[in-house]
$ cat my_file.csv   # CSV, C-alpha atoms
chain,number,residue,atom,x,y,z
Q,616,MET,CA,31.4,-24.8,-23.3
Q,617,ALA,CA,34.8,-24.3,-21.6
Q,618,ASP,CA,35.6,-24.1,-17.9
Q,619,SER,CA,37.5,-21.2,-16.4
Q,620,CYS,CA,40.9,-22.8,-16.6
Q,621,MET,CA,40.5,-23.5,-20.4
Q,622,VAL,CA,39.3,-19.9,-21.0
Q,623,GLU,CA,42.3,-18.4,-19.2
Q,624,SER,CA,44.7,-20.8,-21.0
Q,625,LEU,CA,43.3,-19.9,-24.5
Q,626,PHE,CA,43.1,-16.1,-23.9
Q,627,LYS,CA,46.1,-15.7,-21.5
Q,628,LYS,CA,43.8,-13.5,-19.5
Q,629,SER,CA,41.6,-13.9,-16.4
Q,630,VAL,CA,37.9,-14.9,-16.9
Q,631,GLU,CA,36.9,-11.4,-15.7
Q,632,GLN,CA,39.1,-9.8,-18.3
Q,633,VAL,CA,37.7,-12.0,-21.0
Q,634,LYS,CA,34.1,-11.1,-20.0
Q,635,TYR,CA,35.0,-7.4,-20.0
Q,636,PHE,CA,36.5,-7.8,-23.5
Q,637,LEU,CA,33.4,-9.6,-24.9
Q,638,LYS,CA,31.1,-7.0,-23.4
Q,639,CYS,CA,33.1,-4.3,-25.1
Q,640,LEU,CA,32.8,-6.1,-28.4
Q,641,ILE,CA,29.0,-6.2,-28.0
Q,642,PHE,CA,28.9,-2.5,-27.4
Q,643,LEU,CA,31.3,-1.8,-30.3
Q,644,ALA,CA,28.9,-3.8,-32.6
Q,645,GLU,CA,26.1,-1.5,-31.5
Q,646,PHE,CA,28.2,1.6,-32.1
Q,647,GLU,CA,29.0,0.3,-35.6
Q,648,THR,CA,25.3,0.1,-36.5
Q,649,LEU,CA,25.1,3.8,-35.5
Q,650,ASN,CA,28.2,4.7,-37.6
Q,651,ILE,CA,30.1,5.7,-34.5
Q,652,PRO,CA,33.8,4.9,-35.1
Q,653,TYR,CA,35.0,3.4,-31.8
Q,654,THR,CA,37.8,0.9,-31.6
Q,655,TYR,CA,38.3,-1.3,-28.6
Q,656,GLU,CA,41.2,0.9,-27.4
Q,657,SER,CA,39.3,4.2,-27.8
Q,658,PHE,CA,36.2,2.8,-26.1
Q,659,HIS,CA,38.2,1.3,-23.3
Q,660,GLU,CA,40.0,4.6,-22.6
Q,661,SER,CA,37.1,7.0,-23.0
Q,662,PRO,CA,35.1,8.2,-20.0
Q,663,LYS,CA,31.9,6.1,-20.2
Q,664,GLU,CA,29.6,8.8,-18.8
Q,665,GLY,CA,30.7,11.1,-21.7
Q,666,ILE,CA,29.9,8.4,-24.2
Q,667,ILE,CA,26.5,7.9,-22.6
Q,668,ARG,CA,25.6,11.6,-22.6
Q,669,GLY,CA,26.8,12.0,-26.2
Q,670,LEU,CA,24.7,9.1,-27.4
Q,671,TRP,CA,21.7,10.4,-25.5
Q,672,LYS,CA,22.1,14.0,-26.9
Q,673,ASN,CA,22.2,12.8,-30.5
Q,674,HIS,CA,20.1,9.6,-30.6
Q,675,SER,CA,17.6,9.5,-27.8
Q,676,HIS,CA,14.7,9.4,-30.3
Q,677,GLU,CA,15.8,5.9,-31.4
Q,678,PRO,CA,14.5,2.9,-29.4
Q,679,LYS,CA,17.7,0.8,-29.9
Q,680,VAL,CA,19.8,3.7,-28.6
Q,681,VAL,CA,17.6,4.1,-25.6
Q,682,ARG,CA,18.3,0.4,-24.8
Q,683,LEU,CA,22.0,0.8,-25.5
Q,684,VAL,CA,22.3,3.8,-23.2
Q,685,THR,CA,20.4,1.9,-20.5
Q,686,GLU,CA,22.8,-1.0,-20.9
Q,687,LEU,CA,25.9,1.2,-20.8
Q,688,SER,CA,24.5,3.1,-17.7
Q,689,LEU,CA,23.9,-0.2,-15.9
Q,690,GLU,CA,27.2,-1.8,-16.9
Q,691,TYR,CA,29.3,1.3,-15.9
Q,692,LYS,CA,27.1,2.3,-12.9
Q,693,VAL,CA,26.2,5.7,-14.2
Q,694,TYR,CA,23.2,6.6,-12.0
Q,695,ASP,CA,22.4,10.2,-12.7
Q,696,PRO,CA,18.8,10.7,-11.6
Q,697,GLN,CA,17.9,13.1,-14.5
Q,698,LEU,CA,19.4,10.7,-17.1
Q,699,TRP,CA,17.5,7.8,-15.6
Q,700,SER,CA,14.3,9.8,-15.4
Q,701,ASP,CA,14.6,10.5,-19.1
Q,702,LEU,CA,15.5,6.8,-19.8
Q,703,LEU,CA,12.4,5.5,-18.0
Q,704,HIS,CA,10.2,8.0,-19.8
Q,705,LYS,CA,11.5,6.8,-23.2
Q,706,LEU,CA,11.2,3.1,-22.3
Q,707,LEU,CA,7.6,3.8,-21.4
Q,708,ASP,CA,7.0,5.9,-24.5
Q,709,PHE,CA,8.4,3.2,-26.7
Q,710,ASN,CA,6.3,0.6,-24.8
Q,711,MET,CA,9.4,-1.5,-24.1
Q,712,ILE,CA,7.6,-3.1,-21.1
Q,713,HIS,CA,9.4,-6.5,-21.1
Q,714,TYR,CA,12.8,-4.8,-21.2
Q,715,LEU,CA,11.7,-2.2,-18.7
Q,716,ARG,CA,10.9,-5.0,-16.2
Q,717,LYS,CA,14.5,-6.2,-16.3
Q,718,VAL,CA,15.8,-2.6,-15.9
Q,719,LEU,CA,13.6,-1.9,-12.9
Q,720,ILE,CA,14.8,-5.0,-11.2
Q,721,ALA,CA,18.4,-4.0,-12.0
Q,722,ILE,CA,18.0,-0.6,-10.3
Q,723,THR,CA,16.3,-1.8,-7.1
Q,724,GLY,CA,19.7,-1.8,-5.4
Q,725,VAL,CA,20.3,1.9,-6.3
Q,726,PRO,CA,18.5,4.0,-3.6
Q,727,SER,CA,19.4,7.3,-5.3
Q,728,LEU,CA,17.0,6.4,-8.1
Q,729,TRP,CA,14.0,5.5,-6.0
Q,730,GLN,CA,12.7,9.1,-5.9
Q,731,ILE,CA,12.7,9.6,-9.7
Q,732,PRO,CA,9.2,11.1,-10.4
Q,733,CYS,CA,8.2,8.6,-13.1
Q,734,LEU,CA,9.5,5.5,-11.2
Q,735,ASN,CA,6.1,4.6,-9.8
Q,736,ARG,CA,4.5,4.9,-13.2
Q,737,ALA,CA,7.2,2.6,-14.6
Q,738,TRP,CA,6.6,0.0,-11.9
Q,739,ARG,CA,2.8,0.3,-12.3
Q,740,SER,CA,3.0,-0.2,-16.0
Q,741,VAL,CA,5.2,-3.3,-15.7
Q,742,ILE,CA,3.1,-4.9,-12.9
Q,743,LEU,CA,-0.2,-4.3,-14.6
Q,744,ALA,CA,0.9,-5.3,-18.1
Q,745,PRO,CA,0.0,-9.1,-17.7
Q,746,PHE,CA,-3.6,-8.2,-16.6
Q,747,LEU,CA,-4.2,-6.2,-19.8
Q,748,VAL,CA,-4.2,-9.3,-21.9
Q,749,ALA,CA,-5.2,-12.0,-19.4
Q,750,SER,CA,-8.6,-13.8,-19.6
Q,751,CYS,CA,-10.5,-15.7,-16.9
Q,752,PRO,CA,-9.5,-18.4,-16.4
Q,753,PRO,CA,-6.0,-17.4,-17.4
Q,754,SER,CA,-4.0,-19.6,-19.8
Q,755,HIS,CA,-0.9,-21.3,-18.6
Q,756,LYS,CA,1.3,-18.6,-20.1
Q,757,GLN,CA,-0.9,-15.9,-18.7
Q,758,LEU,CA,-0.8,-17.5,-15.2
Q,759,GLU,CA,3.0,-17.6,-15.3
Q,760,ALA,CA,3.0,-13.9,-16.2
Q,761,CYS,CA,0.7,-13.1,-13.3
Q,762,CYS,CA,2.9,-15.1,-10.9
Q,763,GLU,CA,6.0,-13.3,-12.1
Q,764,CYS,CA,4.1,-10.0,-11.6
Q,765,PHE,CA,3.7,-10.8,-7.9
Q,766,VAL,CA,7.4,-11.6,-7.6
Q,767,LEU,CA,8.1,-8.2,-9.2
Q,768,LEU,CA,5.7,-6.5,-6.8
Q,769,LEU,CA,7.7,-7.9,-3.9
Q,770,LYS,CA,10.9,-6.3,-5.4
Q,771,CYS,CA,9.4,-2.8,-5.8
Q,772,PRO,CA,11.2,-0.4,-3.5
Q,773,ASN,CA,8.2,2.0,-3.5
Q,774,VAL,CA,5.5,-0.6,-3.1
Q,775,ALA,CA,3.7,1.6,-0.6
Q,776,ASP,CA,3.1,4.2,-3.3
Q,777,LEU,CA,1.4,1.7,-5.6
Q,778,ASP,CA,-2.4,1.0,-5.8
Q,779,ILE,CA,-2.0,-2.3,-3.9
Q,780,ILE,CA,-5.8,-2.7,-3.5
Q,781,GLY,CA,-6.3,-2.2,-7.3
Q,782,ILE,CA,-3.6,-4.8,-8.1
Q,783,ALA,CA,-5.3,-7.2,-5.6
Q,784,ARG,CA,-8.6,-6.6,-7.4
Q,785,GLN,CA,-6.9,-7.5,-10.7
Q,786,TYR,CA,-5.9,-10.9,-9.3
Q,787,ALA,CA,-9.3,-11.5,-7.8
Q,788,GLN,CA,-10.9,-10.9,-11.2
Q,789,LEU,CA,-8.8,-13.6,-12.6
Q,790,ASN,CA,-9.8,-16.0,-9.8
Q,791,LEU,CA,-6.4,-15.9,-8.2
Q,792,PRO,CA,-7.3,-15.1,-4.6
Q,793,ALA,CA,-4.0,-16.3,-3.1
Q,794,PHE,CA,-2.2,-13.6,-5.0
Q,795,ALA,CA,-4.9,-11.1,-4.2
Q,796,LEU,CA,-4.4,-11.8,-0.5
Q,797,GLY,CA,-0.7,-11.6,-0.9
Q,798,CYS,CA,-1.1,-8.1,-2.3
Q,799,LEU,CA,-3.3,-7.0,0.6
Q,800,LEU,CA,-0.5,-8.2,3.0
Q,801,LEU,CA,1.7,-5.5,1.5
Q,802,ILE,CA,-0.6,-2.6,2.5
Q,803,PRO,CA,1.7,-0.5,4.8
Q,804,GLN,CA,-1.1,0.9,7.1
Q,805,SER,CA,-1.9,-1.7,9.6
Q,806,LYS,CA,-5.5,-0.7,10.2
Q,807,LYS,CA,-6.3,-0.5,6.5
Q,808,ARG,CA,-4.5,-3.8,5.9
Q,809,GLU,CA,-6.5,-5.6,8.5
Q,810,GLN,CA,-9.8,-4.2,7.2
Q,811,GLN,CA,-9.1,-5.2,3.7
Q,812,ILE,CA,-7.9,-8.6,4.6
Q,813,GLN,CA,-10.9,-9.4,6.8
Q,814,GLY,CA,-13.3,-8.2,4.1
Q,815,PHE,CA,-11.5,-10.3,1.5
Q,816,LEU,CA,-11.5,-13.4,3.7
Q,817,SER,CA,-15.3,-13.1,4.3
Q,818,SER,CA,-16.0,-13.3,0.6
Q,819,CYS,CA,-13.4,-15.7,-0.9
Q,820,ASN,CA,-13.2,-19.4,-1.1
Q,821,LEU,CA,-10.6,-20.3,1.5
Q,822,GLU,CA,-9.9,-23.8,0.2
Q,823,THR,CA,-9.1,-22.3,-3.2
Q,824,VAL,CA,-6.6,-19.9,-1.6
Q,825,LEU,CA,-4.9,-22.9,0.2
Q,826,GLN,CA,-4.8,-24.8,-3.1
Q,827,GLN,CA,-3.3,-21.9,-5.0
Q,828,VAL,CA,-0.7,-21.4,-2.3
Q,829,ASP,CA,0.3,-25.1,-2.7
Q,830,GLU,CA,0.4,-24.9,-6.5
Q,831,HIS,CA,2.0,-21.5,-7.2
Q,832,MET,CA,3.6,-20.1,-4.0
Q,833,ASN,CA,5.6,-22.8,-2.3
Q,834,THR,CA,8.9,-22.3,-4.1
Q,835,GLY,CA,11.1,-19.5,-5.2
Q,836,GLU,CA,10.9,-15.9,-4.0
Q,837,VAL,CA,7.2,-16.1,-2.9
Q,838,ALA,CA,7.7,-19.1,-0.6
Q,839,GLY,CA,8.0,-16.8,2.4
Q,840,PHE,CA,4.6,-15.3,1.6
Q,841,ALA,CA,3.1,-18.8,1.3
Q,842,SER,CA,3.4,-19.5,5.0
Q,843,GLN,CA,1.9,-16.1,5.9
Q,844,ILE,CA,-1.1,-16.6,3.7
Q,845,ARG,CA,-1.6,-20.1,4.9
Q,846,CYS,CA,-1.6,-19.0,8.5
Q,847,LEU,CA,-4.0,-16.2,7.7
Q,848,ILE,CA,-6.5,-18.7,6.2
Q,849,LEU,CA,-6.1,-21.3,8.9
Q,850,ASN,CA,-6.5,-18.7,11.7
Q,851,ASN,CA,-9.6,-17.4,10.0
Q,852,ILE,CA,-11.1,-20.9,9.8
Q,853,ILE,CA,-10.4,-21.4,13.5
Q,854,LYS,CA,-11.8,-17.9,14.4
Q,855,GLU,CA,-15.0,-18.5,12.5
Q,856,LYS,CA,-15.1,-22.2,13.6
Q,857,GLN,CA,-15.5,-23.3,10.0
Q,858,TYR,CA,-14.3,-26.8,10.8
Q,859,ASP,CA,-17.1,-28.5,8.8
Q,860,ARG,CA,-15.8,-27.1,5.5
Q,861,PHE,CA,-12.3,-28.7,6.0
Q,862,PHE,CA,-12.9,-31.8,8.1
Q,863,LYS,CA,-12.7,-34.2,5.1
Q,864,THR,CA,-10.2,-32.2,3.0
Q,865,LYS,CA,-6.5,-32.7,2.6
Q,866,TYR,CA,-6.0,-29.4,4.6
Q,867,PHE,CA,-7.4,-30.8,7.8
Q,868,PRO,CA,-4.0,-32.0,9.0
Q,869,LEU,CA,-2.7,-28.4,8.5
Q,870,LEU,CA,-5.7,-27.1,10.5
Q,871,LYS,CA,-4.9,-29.5,13.3
Q,872,LEU,CA,-1.3,-28.3,13.5
Q,873,GLN,CA,-2.5,-24.7,13.5
Q,874,VAL,CA,-4.9,-25.2,16.4
Q,875,MET,CA,-2.1,-26.8,18.4
Q,876,ASN,CA,0.3,-24.0,17.6
Q,877,THR,CA,-2.3,-21.4,18.6
Q,878,GLU,CA,-3.6,-23.1,21.7
Q,879,ARG,CA,-7.1,-23.6,20.3
Q,880,VAL,CA,-7.2,-27.4,20.6
Q,881,LYS,CA,-10.2,-27.6,22.9
Q,882,GLU,CA,-12.4,-26.0,20.3
Q,883,LEU,CA,-11.5,-28.5,17.6
Q,884,VAL,CA,-11.7,-31.4,20.1
Q,885,ASP,CA,-15.2,-30.2,21.1
Q,886,TYR,CA,-16.2,-30.0,17.4
Q,887,LEU,CA,-15.0,-33.6,16.7
Q,888,ALA,CA,-16.7,-34.9,19.8
Q,889,ASN,CA,-20.0,-33.3,18.8
Q,890,LYS,CA,-19.7,-35.0,15.4
Q,891,ASN,CA,-19.2,-38.4,17.2
Q,892,CYS,CA,-15.7,-38.6,15.8
Q,893,LEU,CA,-14.3,-39.9,19.1
Q,894,ASP,CA,-11.2,-41.5,17.6
Q,895,ASP,CA,-10.2,-38.3,15.8
Q,896,ALA,CA,-10.8,-36.2,18.9
Q,897,VAL,CA,-8.7,-38.5,21.1
Q,898,ALA,CA,-5.9,-38.8,18.5
Q,899,LEU,CA,-5.7,-35.0,18.4
Q,900,ILE,CA,-5.6,-34.8,22.2
Q,901,VAL,CA,-2.8,-37.4,22.4
Q,902,GLU,CA,-0.8,-35.7,19.7
Q,903,TYR,CA,-1.2,-32.3,21.4
Q,904,GLN,CA,-0.3,-33.7,24.9
Q,905,ASN,CA,2.8,-35.4,23.5
Q,906,GLN,CA,3.8,-32.2,21.8
Q,907,CYS,CA,3.5,-30.5,25.2
Q,908,GLY,CA,5.4,-33.3,26.9
Q,909,ASN,CA,2.4,-34.6,28.8
Q,910,HIS,CA,2.3,-38.3,27.8
Q,911,ILE,CA,-1.1,-40.0,28.4
Q,912,LEU,CA,-1.1,-43.3,30.2
Q,913,ALA,CA,-1.8,-46.2,27.8
Q,914,ASP,CA,-4.5,-47.8,30.1
Q,915,ARG,CA,-6.8,-44.8,29.9
Q,916,SER,CA,-9.9,-45.3,27.8
Q,917,SER,CA,-10.8,-42.9,24.9
Q,918,ARG,CA,-13.8,-41.6,26.8
Q,919,ASP,CA,-11.7,-40.9,29.9
Q,920,ILE,CA,-9.1,-39.1,27.8
Q,921,LEU,CA,-11.7,-36.9,26.2
Q,922,THR,CA,-13.6,-36.2,29.4
Q,923,MET,CA,-10.4,-35.2,31.3
Q,924,PHE,CA,-9.1,-33.0,28.5
Q,925,LEU,CA,-12.4,-31.1,28.0
Q,926,SER,CA,-12.7,-30.7,31.8
Q,927,GLY,CA,-9.2,-29.3,32.0
Q,928,SER,CA,-7.9,-32.2,34.2
Q,929,GLU,CA,-4.6,-34.0,33.5

$ encode --input "my_file.csv" --output "structure tokens"
Amino acid sequence: MADSCMVESLFKKSVEQVKYFLKCLIFLAEFETLNIPYTYESFHESPKEGIIRGLWKNHSHEPKVVRLVTELSLEYKVYDPQLWSDLLHKLLDFNMIHYLRKVLIAITGVPSLWQIPCLNRAWRSVILAPFLVASCPPSHKQLEACCECFVLLLKCPNVADLDIIGIARQYAQLNLPAFALGCLLLIPQSKKREQQIQGFLSSCNLETVLQQVDEHMNTGEVAGFASQIRCLILNNIIKEKQYDRFFKTKYFPLLKLQVMNTERVKELVDYLANKNCLDDAVALIVEYQNQCGNHILADRSSRDILTMFLSGSE
């Protein structure tokens, strides 16, 4: 490997010029396999849209040419909607799903292509592809593919037009409730989203969701969703007063933070007091009061602290 200075010294050109030259050579090699007689000079000087349309007219029945035309269109920013509609149709017809995923990500920044009629079908095919072969429980490779599928879903410009509930159901069937809940968060209609989320929370294992968030959603492009899902779960635990299920788990510290952030501390203190966990109750009170800037005098007994807090006294 050579650094930029060495590359420029060897070729007497800028790095960008060298990259362009190498890309041209790659395209020329493809043309050679098709018996199309381009030289570097003739390719460099020819209008690229004309080359693309000529290839498409004469070779669109060949999978390798469909890929070549797609690469040329992306490289030279040829974004004619009709051409791209035909390209996506061919990529689907040839079942080039893995390559299609890369292509869809590449055109997410091209709003003029978002209204292509078959775009939703292309996204749906790519997103659902991992579920067609996955088993329950999924293998490590299948799990990775399903995680990547969720990242892809977040990038879809027309996500509101997809069957989000159906995709969530696919994750649920593989026992991946964290991703199922993440899908439901993408439902654009607020009332429908709330109904679906509440129904899902009432039937899933909340601890499993938190565990999967920690294992699969804490880094990368889904990290922002991790905090939303975690808050949803913790707020549901608080709302339903399901403290018993989490008291002795590793998620109880998270639950304590959430009750402090949502001003529901008295409920948890009352629960701990009723379980005769006086030390835990008082520790929560002290932590919360310190967070609020109300420092408790050291000479107060645990019983006094608990009584005053629950009665609403300082």

$ closest_residue --input "my_file.csv" --among "Q:Leu816, Q:Ile900, Q:Ala787, Q:Leu670" --to "Glu855 (chain Q)" --atoms "all atoms listed in the file"
Q:Leu816

$ residues_around --input "my_file.csv" --residues "region 840-853 of chain Q" --least-positions-apart "6" --cutoff "12 Å" --atoms "all atoms listed in the file" --output "PyMOL selection string"
chain Q and resi 765-766+769+792-801+809+812-817+819-834+859-862+866-883+886

$ residues_around --input "my_file.csv" --residues "Glu759 (chain Q)" --least-positions-apart "5" --cutoff "10 Å" --atoms "only C-alpha atoms" --output "PDB file with C-alpha atoms, in the frame of the given file"
ATOM      1  CA  PRO Q 745       0.000  -9.100 -17.700  1.00  0.00           C
ATOM      2  CA  PRO Q 753      -6.000 -17.400 -17.400  1.00  0.00           C
ATOM      3  CA  SER Q 754      -4.000 -19.600 -19.800  1.00  0.00           C
ATOM      4  CA  CYS Q 764       4.100 -10.000 -11.600  1.00  0.00           C
ATOM      5  CA  HIS Q 831       2.000 -21.500  -7.200  1.00  0.00           C
TER       6      HIS Q 831
END

$ atom_distance --input "my_file.csv" --atom1 "CA of Asp776 (chain Q)" --atom2 "CA of Met711 (chain Q)"
22.5 Å

$ residues_around --input "my_file.csv" --residues "Ala744 (chain Q)" --least-positions-apart "3" --cutoff "10 Å" --atoms "only C-alpha atoms" --output "list in words"
Ile712, His713, Trp738, Arg739, Ser740, Val741, Leu747, Val748, Ala749, Ala760, Cys761 and Cys764 of chain Q

$ closest_residue --input "my_file.csv" --among "Q:Asn735, Q:Lys890, Q:Tyr714, Q:Gly665" --to "Arg682 (chain Q)" --atoms "all atoms listed in the file"
Q:Tyr714

$ closest_residue --input "my_file.csv" --among "Q:Cys639, Q:Leu893, Q:Leu734, Q:Ala898" --to "Arg918 (chain Q)" --atoms "only C-alpha atoms"
Q:Leu893

$ residues_around --input "my_file.csv" --residues "Pro696 (chain Q)" --least-positions-apart "4" --cutoff "10 Å" --atoms "only C-alpha atoms" --output "MDAnalysis selection string"
chainID Q and resid 700:702 727:732

$ closest_residue --input "my_file.csv" --among "Q:Ala721, Q:Leu706, Q:Cys907, Q:Ile780" --to "Ser675 (chain Q)" --atoms "only C-alpha atoms"
Q:Leu706

$ atom_distance --input "my_file.csv" --atom1 "CA of Asn710 (chain Q)" --atom2 "CA of His674 (chain Q)"
17.5 Å

$ closest_residue --input "my_file.csv" --among "Q:Leu777, Q:Leu768, Q:Lys679, Q:Lys705" --to "Arg736 (chain Q)" --atoms "only C-alpha atoms"
Q:Leu777

$ atom_distance --input "my_file.csv" --atom1 "CA of Gly835 (chain Q)" --atom2 "CA of Lys770 (chain Q)"
13.2 Å

$ residues_near_point --input "my_file.csv" --point "(20.9, -0.1, -20.5)" --cutoff "12 Å" --atoms "only C-alpha atoms" --output "MDAnalysis selection string"
chainID Q and resid 642 667 671 678:694 698:699 702:703 705:706 714:719 721:722

$ build_atoms --input "my_file.csv" --residues "region 793-801 of chain Q" --atoms "all heavy atoms" --output "PDB file, in the coordinates of the input"
ATOM      1  N   ALA Q 793      -5.243 -16.233  -3.908  1.00  0.00           N
ATOM      2  CA  ALA Q 793      -4.000 -16.300  -3.100  1.00  0.00           C
ATOM      3  C   ALA Q 793      -3.122 -15.134  -3.349  1.00  0.00           C
ATOM      4  O   ALA Q 793      -2.547 -14.541  -2.419  1.00  0.00           O
ATOM      5  CB  ALA Q 793      -3.297 -17.636  -3.384  1.00  0.00           C
ATOM      6  N   PHE Q 794      -2.994 -14.755  -4.611  1.00  0.00           N
ATOM      7  CA  PHE Q 794      -2.200 -13.600  -5.000  1.00  0.00           C
ATOM      8  C   PHE Q 794      -2.833 -12.299  -4.541  1.00  0.00           C
ATOM      9  O   PHE Q 794      -2.154 -11.346  -4.146  1.00  0.00           O
ATOM     10  CB  PHE Q 794      -1.862 -13.605  -6.452  1.00  0.00           C
ATOM     11  CG  PHE Q 794      -0.942 -14.720  -6.874  1.00  0.00           C
ATOM     12  CD1 PHE Q 794      -1.456 -15.885  -7.435  1.00  0.00           C
ATOM     13  CD2 PHE Q 794       0.418 -14.620  -6.688  1.00  0.00           C
ATOM     14  CE1 PHE Q 794      -0.614 -16.916  -7.811  1.00  0.00           C
ATOM     15  CE2 PHE Q 794       1.271 -15.647  -7.069  1.00  0.00           C
ATOM     16  CZ  PHE Q 794       0.757 -16.799  -7.628  1.00  0.00           C
ATOM     17  N   ALA Q 795      -4.154 -12.257  -4.625  1.00  0.00           N
ATOM     18  CA  ALA Q 795      -4.900 -11.100  -4.200  1.00  0.00           C
ATOM     19  C   ALA Q 795      -4.625 -10.852  -2.673  1.00  0.00           C
ATOM     20  O   ALA Q 795      -4.351  -9.729  -2.227  1.00  0.00           O
ATOM     21  CB  ALA Q 795      -6.365 -11.225  -4.439  1.00  0.00           C
ATOM     22  N   LEU Q 796      -4.692 -11.929  -1.905  1.00  0.00           N
ATOM     23  CA  LEU Q 796      -4.400 -11.800  -0.500  1.00  0.00           C
ATOM     24  C   LEU Q 796      -2.996 -11.447  -0.198  1.00  0.00           C
ATOM     25  O   LEU Q 796      -2.703 -10.654   0.711  1.00  0.00           O
ATOM     26  CB  LEU Q 796      -4.780 -13.166   0.196  1.00  0.00           C
ATOM     27  CG  LEU Q 796      -4.767 -13.219   1.722  1.00  0.00           C
ATOM     28  CD1 LEU Q 796      -5.645 -12.130   2.316  1.00  0.00           C
ATOM     29  CD2 LEU Q 796      -5.215 -14.590   2.203  1.00  0.00           C
ATOM     30  N   GLY Q 797      -2.079 -11.983  -1.008  1.00  0.00           N
ATOM     31  CA  GLY Q 797      -0.700 -11.600  -0.900  1.00  0.00           C
ATOM     32  C   GLY Q 797      -0.472 -10.119  -1.092  1.00  0.00           C
ATOM     33  O   GLY Q 797       0.315  -9.476  -0.383  1.00  0.00           O
ATOM     34  N   CYS Q 798      -1.186  -9.555  -2.055  1.00  0.00           N
ATOM     35  CA  CYS Q 798      -1.100  -8.100  -2.300  1.00  0.00           C
ATOM     36  C   CYS Q 798      -1.584  -7.329  -1.074  1.00  0.00           C
ATOM     37  O   CYS Q 798      -0.946  -6.355  -0.652  1.00  0.00           O
ATOM     38  CB  CYS Q 798      -1.947  -7.717  -3.505  1.00  0.00           C
ATOM     39  SG  CYS Q 798      -1.288  -8.249  -5.093  1.00  0.00           S
ATOM     40  N   LEU Q 799      -2.710  -7.758  -0.505  1.00  0.00           N
ATOM     41  CA  LEU Q 799      -3.300  -7.000   0.600  1.00  0.00           C
ATOM     42  C   LEU Q 799      -2.319  -7.062   1.838  1.00  0.00           C
ATOM     43  O   LEU Q 799      -2.302  -6.120   2.644  1.00  0.00           O
ATOM     44  CB  LEU Q 799      -4.625  -7.627   1.037  1.00  0.00           C
ATOM     45  CG  LEU Q 799      -5.724  -7.521  -0.028  1.00  0.00           C
ATOM     46  CD1 LEU Q 799      -7.017  -8.147   0.484  1.00  0.00           C
ATOM     47  CD2 LEU Q 799      -5.955  -6.077  -0.441  1.00  0.00           C
ATOM     48  N   LEU Q 800      -1.515  -8.095   1.934  1.00  0.00           N
ATOM     49  CA  LEU Q 800      -0.500  -8.200   3.000  1.00  0.00           C
ATOM     50  C   LEU Q 800       0.541  -7.080   2.885  1.00  0.00           C
ATOM     51  O   LEU Q 800       1.251  -6.779   3.849  1.00  0.00           O
ATOM     52  CB  LEU Q 800       0.142  -9.540   3.040  1.00  0.00           C
ATOM     53  CG  LEU Q 800      -0.648 -10.672   3.688  1.00  0.00           C
ATOM     54  CD1 LEU Q 800      -0.024 -12.021   3.361  1.00  0.00           C
ATOM     55  CD2 LEU Q 800      -0.704 -10.470   5.200  1.00  0.00           C
ATOM     56  N   LEU Q 801       0.674  -6.504   1.694  1.00  0.00           N
ATOM     57  CA  LEU Q 801       1.700  -5.500   1.500  1.00  0.00           C
ATOM     58  C   LEU Q 801       1.205  -4.068   1.774  1.00  0.00           C
ATOM     59  O   LEU Q 801       1.987  -3.119   1.693  1.00  0.00           O
ATOM     60  CB  LEU Q 801       2.139  -5.537  -0.014  1.00  0.00           C
ATOM     61  CG  LEU Q 801       2.824  -6.829  -0.465  1.00  0.00           C
ATOM     62  CD1 LEU Q 801       3.067  -6.803  -1.966  1.00  0.00           C
ATOM     63  CD2 LEU Q 801       4.144  -7.019   0.276  1.00  0.00           C
TER      64      LEU Q 801
END
